[in-house]
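For reference, entry.json (JSON, C-alpha atoms):
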[["chain", "number", "residue", "atom", "x", "y", "z"],
["A", 72, "MET", "CA", -13.05, -12.53, 9.09],
["A", 73, "ASN", "CA", -16.11, -10.35, 9.77],
["A", 74, "LYS", "CA", -16.64, -8.66, 6.39],
["A", 75, "LEU", "CA", -20.18, -7.54, 7.33],
["A", 76, "ALA", "CA", -18.98, -5.36, 10.19],
["A", 77, "VAL", "CA", -16.17, -3.91, 8.08],
["A", 78, "LEU", "CA", -18.45, -3.10, 5.14],
["A", 79, "GLY", "CA", -21.02, -1.46, 7.39],
["A", 80, "ALA", "CA", -18.38, 0.77, 8.97],
["A", 81, "GLY", "CA", -16.88, 1.66, 5.60],
["A", 82, "ALA", "CA", -20.19, 2.90, 4.19],
["A", 83, "ALA", "CA", -20.22, 5.81, 6.63],
["A", 84, "LEU", "CA", -16.92, 7.10, 5.22],
["A", 85, "LEU", "CA", -17.95, 7.30, 1.56],
["A", 86, "LEU", "CA", -17.93, 10.61, -0.32],
["A", 87, "ALA", "CA", -21.26, 12.15, -1.26],
["A", 88, "ALA", "CA", -22.68, 12.47, -4.77],
["A", 89, "PRO", "CA", -25.88, 13.71, -6.43],
["A", 90, "ALA", "CA", -28.93, 11.47, -6.09],
["A", 91, "ALA", "CA", -29.16, 8.54, -8.54],
["A", 92, "ALA", "CA", -30.86, 5.17, -8.68],
["A", 93, "ILE", "CA", -28.11, 2.64, -8.04],
["A", 94, "THR", "CA", -28.28, -1.12, -8.47],
["A", 95, "ASN", "CA", -25.64, -3.31, -6.84],
["A", 96, "PHE", "CA", -24.70, -5.65, -9.68],
["A", 97, "ALA", "CA", -21.63, -7.59, -8.50],
["A", 98, "ALA", "CA", -19.76, -8.61, -5.36],
["A", 99, "PHE", "CA", -16.70, -10.63, -4.40],
["A", 100, "ILE", "CA", -15.19, -12.28, -1.35],
["A", 101, "PRO", "CA", -11.75, -13.82, -0.78],
["A", 102, "GLY", "CA", -11.18, -17.32, -2.09],
["A", 103, "SER", "CA", -9.14, -18.34, 0.97],
["A", 104, "ASP", "CA", -8.04, -17.15, 4.40],
["A", 105, "GLN", "CA", -4.71, -15.97, 3.03],
["A", 106, "PRO", "CA", -3.97, -12.24, 2.49],
["A", 107, "ASN", "CA", -5.02, -11.04, -0.95],
["A", 108, "ILE", "CA", -4.08, -7.34, -0.94],
["A", 109, "PHE", "CA", -0.78, -5.65, -0.11],
["A", 110, "TYR", "CA", 0.27, -2.07, 0.62],
["A", 111, "SER", "CA", 3.84, -0.79, 0.43],
["A", 112, "GLY", "CA", 4.66, 2.73, 1.64],
["A", 113, "THR", "CA", 7.69, 4.86, 0.84],
["A", 114, "LEU", "CA", 9.71, 7.05, 3.17],
["A", 115, "ALA", "CA", 7.98, 10.07, 1.60],
["A", 116, "GLY", "CA", 4.61, 8.73, 2.79],
["A", 117, "ASP", "CA", 3.01, 7.73, -0.52],
["A", 118, "GLY", "CA", 2.77, 4.14, -1.70],
["A", 119, "THR", "CA", 1.11, 1.44, -3.78],
["A", 120, "MET", "CA", -1.59, -1.19, -3.25],
["A", 121, "THR", "CA", -1.39, -4.43, -5.22],
["A", 122, "SER", "CA", -3.01, -7.81, -5.73],
["A", 123, "VAL", "CA", -1.47, -10.18, -8.24],
["A", 124, "ASN", "CA", -3.47, -13.20, -9.45],
["A", 125, "GLU", "CA", -5.29, -13.59, -6.13],
["A", 126, "GLY", "CA", -8.14, -16.12, -6.12],
["A", 127, "VAL", "CA", -11.61, -14.77, -5.24],
["A", 128, "LYS", "CA", -15.25, -15.82, -5.43],
["A", 129, "PHE", "CA", -17.08, -13.42, -7.78],
["A", 130, "THR", "CA", -20.82, -13.22, -8.37],
["A", 131, "PHE", "CA", -23.20, -11.09, -10.39],
["A", 132, "LEU", "CA", -26.28, -9.93, -8.47],
["A", 133, "ASN", "CA", -29.95, -9.81, -9.33],
["A", 134, "LEU", "CA", -31.75, -6.47, -9.34],
["A", 135, "ASP", "CA", -32.97, -7.17, -5.80],
["A", 136, "GLY", "CA", -29.39, -7.66, -4.59],
["A", 137, "SER", "CA", -29.57, -11.44, -4.31],
["A", 138, "PRO", "CA", -26.88, -13.62, -5.97],
["A", 139, "GLY", "CA", -27.46, -14.21, -9.66],
["A", 140, "GLY", "CA", -27.04, -17.98, -9.49],
["A", 141, "THR", "CA", -23.50, -18.02, -10.88],
["A", 142, "THR", "CA", -20.52, -17.80, -8.53],
["A", 143, "VAL", "CA", -17.25, -17.79, -10.46],
["A", 144, "ASP", "CA", -13.73, -18.68, -9.41],
["A", 145, "ALA", "CA", -11.79, -15.64, -10.58],
["A", 146, "TRP", "CA", -8.35, -14.09, -10.54],
["A", 147, "MET", "CA", -8.21, -10.63, -8.98],
["A", 148, "ASN", "CA", -5.52, -8.15, -9.99],
["A", 149, "LEU", "CA", -5.24, -4.68, -8.51],
["A", 150, "THR", "CA", -2.75, -1.86, -8.76],
["A", 151, "ALA", "CA", -3.32, 1.54, -7.18],
["A", 152, "THR", "CA", -1.14, 4.52, -6.33],
["A", 153, "THR", "CA", -1.66, 6.41, -3.10],
["A", 154, "GLY", "CA", -0.80, 9.91, -1.94],
["A", 155, "VAL", "CA", 0.76, 10.94, 1.35],
["A", 156, "ALA", "CA", -1.22, 9.62, 4.30],
["A", 157, "THR", "CA", -2.50, 11.90, 7.07],
["A", 158, "THR", "CA", -4.43, 11.48, 10.32],
["A", 159, "PHE", "CA", -7.84, 12.89, 11.21],
["A", 160, "MET", "CA", -9.60, 12.36, 14.54],
["A", 161, "GLY", "CA", -7.94, 9.02, 15.20],
["A", 162, "LEU", "CA", -8.17, 7.84, 11.60],
["A", 163, "ALA", "CA", -5.38, 7.13, 9.17],
["A", 164, "VAL", "CA", -6.39, 8.58, 5.79],
["A", 165, "LEU", "CA", -4.64, 7.37, 2.64],
["A", 166, "PRO", "CA", -5.66, 9.28, -0.54],
["A", 167, "ILE", "CA", -6.13, 7.11, -3.63],
["A", 168, "GLU", "CA", -4.74, 8.77, -6.74],
["A", 169, "SER", "CA", -5.70, 6.15, -9.33],
["A", 170, "GLY", "CA", -6.11, 2.42, -9.71],
["A", 171, "THR", "CA", -7.27, -0.51, -11.81],
["A", 172, "LEU", "CA", -9.04, -3.61, -10.46],
["A", 173, "THR", "CA", -9.80, -6.63, -12.66],
["A", 174, "PHE", "CA", -11.68, -9.88, -12.14],
["A", 175, "THR", "CA", -10.89, -12.56, -14.72],
["A", 176, "ALA", "CA", -12.68, -15.90, -14.90],
["A", 177, "ALA", "CA", -10.31, -18.80, -14.32],
["A", 178, "SER", "CA", -11.63, -20.35, -17.56],
["A", 179, "PRO", "CA", -13.77, -18.93, -20.41],
["A", 180, "LEU", "CA", -17.39, -18.52, -19.36],
["A", 181, "THR", "CA", -20.54, -18.56, -21.48],
["A", 182, "TRP", "CA", -23.24, -16.80, -19.53],
["A", 183, "ASN", "CA", -26.01, -14.23, -19.89],
["A", 184, "GLY", "CA", -25.79, -14.53, -23.68],
["A", 185, "HIS", "CA", -22.10, -13.64, -23.81],
["A", 186, "THR", "CA", -18.80, -15.52, -23.76],
["A", 187, "GLY", "CA", -15.55, -14.25, -22.28],
["A", 188, "THR", "CA", -13.28, -14.05, -19.27],
["A", 189, "ASN", "CA", -13.47, -10.35, -18.31],
["A", 190, "LEU", "CA", -15.97, -10.49, -15.46],
["A", 191, "LEU", "CA", -15.31, -6.88, -14.51],
["A", 192, "THR", "CA", -12.63, -4.25, -15.00],
["A", 193, "VAL", "CA", -12.76, -1.19, -12.74],
["A", 194, "ASN", "CA", -10.77, 2.01, -13.24],
["A", 195, "PHE", "CA", -11.00, 4.50, -10.39],
["A", 196, "SER", "CA", -9.48, 7.66, -8.96],
["A", 197, "GLY", "CA", -10.18, 9.84, -5.95],
["A", 198, "GLY", "CA", -11.43, 9.09, -2.48],
["A", 199, "ALA", "CA", -9.36, 7.72, 0.38],
["A", 200, "LEU", "CA", -8.67, 4.48, 2.22],
["A", 201, "THR", "CA", -9.46, 5.05, 5.88],
["A", 202, "GLY", "CA", -8.82, 3.04, 9.02],
["A", 203, "ALA", "CA", -8.57, 3.56, 12.75],
["A", 204, "LEU", "CA", -5.05, 4.14, 14.01],
["A", 205, "PHE", "CA", -3.63, 0.92, 15.46],
["A", 206, "GLY", "CA", -6.62, -1.00, 14.07],
["A", 207, "SER", "CA", -6.73, -3.90, 11.59],
["A", 208, "THR", "CA", -9.57, -2.83, 9.26],
["A", 209, "ALA", "CA", -9.80, -0.20, 6.53],
["A", 210, "ASN", "CA", -12.41, 0.87, 4.01],
["A", 211, "TYR", "CA", -12.50, 2.49, 0.59],
["A", 212, "GLY", "CA", -15.59, 3.91, -1.06],
["A", 213, "ASN", "CA", -15.74, 5.83, -4.33],
["A", 214, "SER", "CA", -18.42, 6.99, -6.73],
["A", 215, "THR", "CA", -19.00, 8.76, -10.03],
["A", 216, "PRO", "CA", -19.85, 11.56, -9.44],
["A", 217, "PRO", "CA", -17.97, 13.28, -7.78],
["A", 218, "ASN", "CA", -14.90, 11.15, -8.51],
["A", 219, "VAL", "CA", -14.21, 8.66, -11.31],
["A", 220, "VAL", "CA", -15.26, 5.01, -11.44],
["A", 221, "THR", "CA", -15.63, 3.20, -14.78],
["A", 222, "PHE", "CA", -16.69, -0.38, -15.50],
["A", 223, "THR", "CA", -16.21, -2.71, -18.45],
["A", 224, "SER", "CA", -17.31, -6.33, -18.67],
["A", 225, "ALA", "CA", -17.77, -9.08, -21.24],
["A", 226, "PHE", "CA", -21.18, -9.80, -19.70],
["A", 227, "LEU", "CA", -22.79, -6.45, -18.80],
["A", 228, "ASP", "CA", -23.22, -3.16, -20.67],
["A", 229, "PHE", "CA", -22.36, 0.07, -18.83],
["A", 230, "SER", "CA", -22.44, 2.40, -21.85],
["A", 231, "THR", "CA", -25.46, 4.31, -20.55],
["A", 232, "THR", "CA", -24.37, 4.66, -16.91],
["A", 233, "THR", "CA", -23.94, 8.07, -15.33],
["A", 234, "ALA", "CA", -23.44, 6.98, -11.70],
["A", 235, "ARG", "CA", -21.14, 4.17, -10.61],
["A", 236, "ASP", "CA", -20.10, 3.00, -7.12],
["A", 237, "MET", "CA", -17.49, 0.78, -5.55],
["A", 238, "ALA", "CA", -17.00, -0.13, -1.89],
["A", 239, "LEU", "CA", -14.08, -2.20, -0.60],
["A", 240, "ALA", "CA", -13.51, -3.49, 2.93],
["A", 241, "ILE", "CA", -10.12, -4.73, 4.09],
["A", 242, "ASP", "CA", -9.65, -6.67, 7.31],
["A", 243, "ALA", "CA", -6.93, -8.77, 8.94],
["A", 244, "ILE", "CA", -4.47, -5.95, 8.21],
["A", 245, "ASN", "CA", -1.02, -6.94, 9.41],
["A", 246, "PRO", "CA", 0.82, -5.22, 10.97],
["A", 247, "SER", "CA", -1.88, -2.99, 12.43],
["A", 248, "ILE", "CA", -2.25, 0.48, 10.97],
["A", 249, "GLY", "CA", 0.45, 2.70, 12.41],
["A", 250, "PHE", "CA", 0.68, 6.48, 12.23],
["A", 251, "ALA", "CA", -1.01, 7.34, 8.91],
["A", 252, "PHE", "CA", -0.02, 3.91, 7.54],
["A", 253, "ASN", "CA", 3.62, 4.86, 8.23],
["A", 254, "GLY", "CA", 6.17, 5.60, 5.55],
["A", 255, "HIS", "CA", 8.31, 2.71, 4.34],
["A", 256, "ARG", "CA", 6.05, 0.11, 5.92],
["A", 257, "ASP", "CA", 4.41, -2.92, 4.31],
["A", 258, "HIS", "CA", 0.94, -4.21, 5.17],
["A", 259, "SER", "CA", -1.13, -7.19, 4.06],
["A", 260, "GLY", "CA", -4.86, -7.77, 4.39],
["A", 261, "SER", "CA", -7.95, -9.47, 3.02],
["A", 262, "VAL", "CA", -10.35, -7.51, 0.78],
["A", 263, "ALA", "CA", -14.01, -8.00, -0.19],
["A", 264, "GLY", "CA", -16.26, -5.62, -2.08],
["A", 265, "VAL", "CA", -19.39, -4.64, -3.97],
["A", 266, "PHE", "CA", -20.06, -2.63, -7.15],
["A", 267, "GLY", "CA", -23.11, -0.65, -8.25],
["A", 268, "ALA", "CA", -24.32, 1.41, -11.20],
["A", 269, "ASP", "CA", -27.41, 3.05, -12.64],
["A", 270, "LEU", "CA", -29.00, 2.04, -15.94],
["A", 271, "SER", "CA", -26.74, -0.99, -16.48],
["A", 272, "SER", "CA", -28.34, -3.45, -18.89],
["A", 273, "GLY", "CA", -28.22, -7.22, -18.99],
["A", 274, "ASN", "CA", -28.28, -7.75, -15.23],
["A", 275, "PRO", "CA", -28.72, -11.47, -14.51],
["A", 276, "GLN", "CA", -32.02, -12.83, -13.19],
["A", 277, "GLY", "CA", -30.92, -16.29, -12.06],
["A", 278, "VAL", "CA", -31.90, -18.34, -9.02],
["A", 279, "PRO", "CA", -30.43, -17.05, -5.73],
["A", 280, "GLU", "CA", -27.92, -19.28, -3.95],
["A", 281, "PRO", "CA", -28.27, -20.33, -0.29],
["A", 282, "GLY", "CA", -25.64, -20.30, 2.39],
["A", 283, "SER", "CA", -22.84, -17.87, 3.08],
["A", 284, "TRP", "CA", -23.57, -15.56, 0.14],
["A", 285, "ALA", "CA", -26.95, -14.66, 1.66],
["A", 286, "LEU", "CA", -25.36, -13.32, 4.84],
["A", 287, "MET", "CA", -22.53, -11.58, 2.97],
["A", 288, "LEU", "CA", -24.89, -9.84, 0.58],
["A", 289, "ALA", "CA", -27.02, -8.52, 3.43],
["A", 290, "GLY", "CA", -23.96, -6.47, 4.35],
["A", 291, "PHE", "CA", -23.42, -5.45, 0.73],
["A", 292, "GLY", "CA", -27.02, -4.22, 0.60],
["A", 293, "ALA", "CA", -26.32, -2.04, 3.64],
["A", 294, "VAL", "CA", -23.35, -0.53, 1.81],
["A", 295, "GLY", "CA", -25.54, 0.30, -1.17],
["A", 296, "ALA", "CA", -28.17, 1.89, 1.06],
["A", 297, "ALA", "CA", -25.52, 4.01, 2.77],
["A", 298, "LEU", "CA", -24.18, 5.14, -0.61],
["A", 299, "ARG", "CA", -27.63, 6.29, -1.65],
["A", 300, "SER", "CA", -28.18, 8.01, 1.69],
["A", 301, "GLN", "CA", -24.88, 9.85, 1.30],
["A", 302, "ARG", "CA", -26.00, 11.07, -2.13],
["A", 303, "ARG", "CA", -29.31, 12.40, -0.81],
["A", 304, "ARG", "CA", -27.52, 14.44, 1.85],
["A", 305, "GLN", "CA", -25.27, 15.98, -0.84],
["A", 306, "THR", "CA", -22.45, 16.74, 1.57],
["A", 307, "GLN", "CA", -18.72, 16.55, 0.90],
["A", 308, "VAL", "CA", -16.32, 14.95, 3.36],
["A", 309, "THR", "CA", -12.77, 16.27, 3.29],
["A", 310, "PHE", "CA", -9.75, 15.46, 5.38],
["A", 311, "GLY", "CA", -7.04, 17.88, 6.38]]

Could you show the structure in this file as structure tokens?
Amino acid sequence: MNKLAVLGAGAALLLAAPAAAITNFAAFIPGSDQPNIFYSGTLAGDGTMTSVNEGVKFTFLNLDGSPGGTTVDAWMNLTATTGVATTFMGLAVLPIESGTLTFTAASPLTWNGHTGTNLLTVNFSGGALTGALFGSTANYGNSTPPNVVTFTSAFLDFSTTTARDMALAIDAINPSIGFAFNGHRDHSGSVAGVFGADLSSGNPQGVPEPGSWALMLAGFGAVGAALRSQRRRQTQVTFG
């Protein structure tokens, strides 16, 4: 699964927001080659996205974007409601109405001066999942502002944040994306992602890890750069 290519493509589709200094503070990748996210559409064209107790590899990042030295086996749970899908210049566009995404440590963790299992809880609304018609990849990017993304964690403090980002990339979508995701059609896929915020405190400063995380996080850094570039342009992307 080429998550780097997917994440790079997804960054170009993110909505714009006012300029802010963003730090990517966490990232995750699938824990296996099995699907970990599922979409179910209704005949009316809306639908739901879900992940239930899917295993992932979760890591907090240093301020320079490198891994924070602690990669955690975590359970991912996601539920999101979608609006009616449309098409735009060869893309299927699926509006996201609201959702919650949680990462829970498989066992209690004492780290960064705190103990708990809630690695990260994300509440979000707005934006759209987009993918090429008849393709097998899709991307979702969202930010506060202009939309809503909130974070809570047992290990990091987001009480002073005013700008928050999330970027998700889904590949290995099966079956391939039909006309605007098609009503009454089920899809599965594999999701990875990155999260960023301004002014978050308590970011880890551990020793970076070698290996696959280094390559993956190079792609995550590109997503963060694209988010900031989108903010500087201060444009709004809309779909008919």

Worksheet item: What's the 12 Å shell around A:Asp144, counting all atoms listed in the file, without same-chain residues fewer than 4 positions away, as number ranges by chain?
Response: A: 99-103, 124-130, 174-180, 188, 190

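Residue nearest A:Thr233 within the list A:Val262, A:Ala151, A:Val220, A:Ala203: A:Val220 [criterion: smallest interatomic distance, all atoms listed in the file].
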
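Using all atoms listed in the file, the shortest contact distance between A:Ser207 and any of A:Thr142, A:Ser111, A:Asn245, A:Asn148 is found at A:Asn245.
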
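Minimum atom-to-atom distance to A:Arg235, evaluated using all atoms listed in the file, belongs to A:Phe222 out of A:Thr181, A:Phe109, A:Phe222, A:Gly116.
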
Discussion item. Restricting the calculation to only C-alpha atoms: of A:Ser196, A:Ser122, A:Ser247, A:Asn183, which residue gets closest to A:Thr221?
Written reply: A:Ser196

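Comparing the minimum interatomic distances between A:Leu172 and each of A:Met147, A:Leu132, A:Ala115, A:Ala98, counting only C-alpha atoms, we find that A:Met147 sits nearest.
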
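Separating atom CA of A:Pro217 from atom CA of A:Val265 is a distance of 18.4 Å.
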
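The point (-16.2, 6.1, -7.2) has these residues within 8 Å of it, counting only C-alpha atoms: Phe195, Ser196, Gly197, Gly198, Gly212, Asn213, Ser214, Thr215, Pro216, Pro217, Asn218, Val219, Val220, Arg235, Asp236 and Met237 of chain A.
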
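Nearest residue to A:Phe266, choosing from A:Thr119, A:Asn189, A:Thr201, A:Thr223 and counting only C-alpha atoms: A:Thr223.
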
Worksheet item: atom CA of A:Asp257 and atom CA of A:Ala199, how far apart in Å?
Response: 17.8 Å

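You will find atom CA of A:Thr158 at 28.7 Å from atom CA of A:Val123.
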
Quick one: residues within 9 Å of A:Met120, all atoms listed in the file, excluding same-chain residues fewer than 5 positions away - as a PDB file with C-alpha atoms, in the frame of the given file?
ATOM      1  CA  ILE A 108      -4.080  -7.340  -0.940  1.00  0.00           C
ATOM      2  CA  PHE A 109      -0.780  -5.650  -0.110  1.00  0.00           C
ATOM      3  CA  TYR A 110       0.270  -2.070   0.620  1.00  0.00           C
ATOM      4  CA  SER A 111       3.840  -0.790   0.430  1.00  0.00           C
ATOM      5  CA  GLY A 112       4.660   2.730   1.640  1.00  0.00           C
ATOM      6  CA  LEU A 149      -5.240  -4.680  -8.510  1.00  0.00           C
ATOM      7  CA  THR A 150      -2.750  -1.860  -8.760  1.00  0.00           C
ATOM      8  CA  ALA A 151      -3.320   1.540  -7.180  1.00  0.00           C
ATOM      9  CA  THR A 152      -1.140   4.520  -6.330  1.00  0.00           C
ATOM     10  CA  THR A 153      -1.660   6.410  -3.100  1.00  0.00           C
ATOM     11  CA  GLY A 170      -6.110   2.420  -9.710  1.00  0.00           C
TER      12      GLY A 170
END

Worksheet item: Contacts of A:Gly249 at 10 Å or less, counting all atoms listed in the file, minus same-chain residues fewer than 5 places along, as a list in words?
Response: Ala163, Gly202, Ala203, Leu204, Phe205, Gly206, Ser207, Gly254 and Arg256 of chain A

Save stretch 159-188 of chain A of the structure in the block above to a file, with C-alpha atoms included, as a short mmCIF file (atom, residue, chain, number, x, y, z; two decimals), in the first residue's frame.
data_model
loop_
_atom_site.label_atom_id
_atom_site.label_comp_id
_atom_site.auth_asym_id
_atom_site.auth_seq_id
_atom_site.Cartn_x
_atom_site.Cartn_y
_atom_site.Cartn_z
CA PHE A 159 -16.98 17.07 -9.88
CA MET A 160 -14.54 16.92 -12.78
CA GLY A 161 -14.04 13.18 -12.54
CA LEU A 162 -14.02 13.12 -8.74
CA ALA A 163 -16.50 11.51 -6.39
CA VAL A 164 -17.14 13.94 -3.53
CA LEU A 165 -18.64 12.67 -0.29
CA PRO A 166 -19.48 15.45 2.24
CA ILE A 167 -18.63 14.62 5.86
CA GLU A 168 -21.32 15.83 8.24
CA SER A 169 -19.73 14.81 11.55
CA GLY A 170 -17.55 12.12 13.04
CA THR A 171 -15.53 10.86 15.99
CA LEU A 172 -12.17 9.06 15.74
CA THR A 173 -10.46 7.52 18.77
CA PHE A 174 -7.11 5.85 19.36
CA THR A 175 -6.94 3.81 22.56
CA ALA A 176 -3.77 2.15 23.84
CA ALA A 177 -4.11 -1.62 23.99
CA SER A 178 -2.91 -1.45 27.61
CA PRO A 179 -2.49 1.49 30.06
CA LEU A 180 0.52 3.61 29.16
CA THR A 181 2.69 5.78 31.41
CA TRP A 182 4.44 8.28 29.19
CA ASN A 183 5.33 11.97 28.96
CA GLY A 184 4.48 12.40 32.65
CA HIS A 185 0.94 11.10 32.27
CA THR A 186 -0.82 7.73 32.56
CA GLY A 187 -3.84 6.63 30.56
CA THR A 188 -5.17 4.89 27.49
#
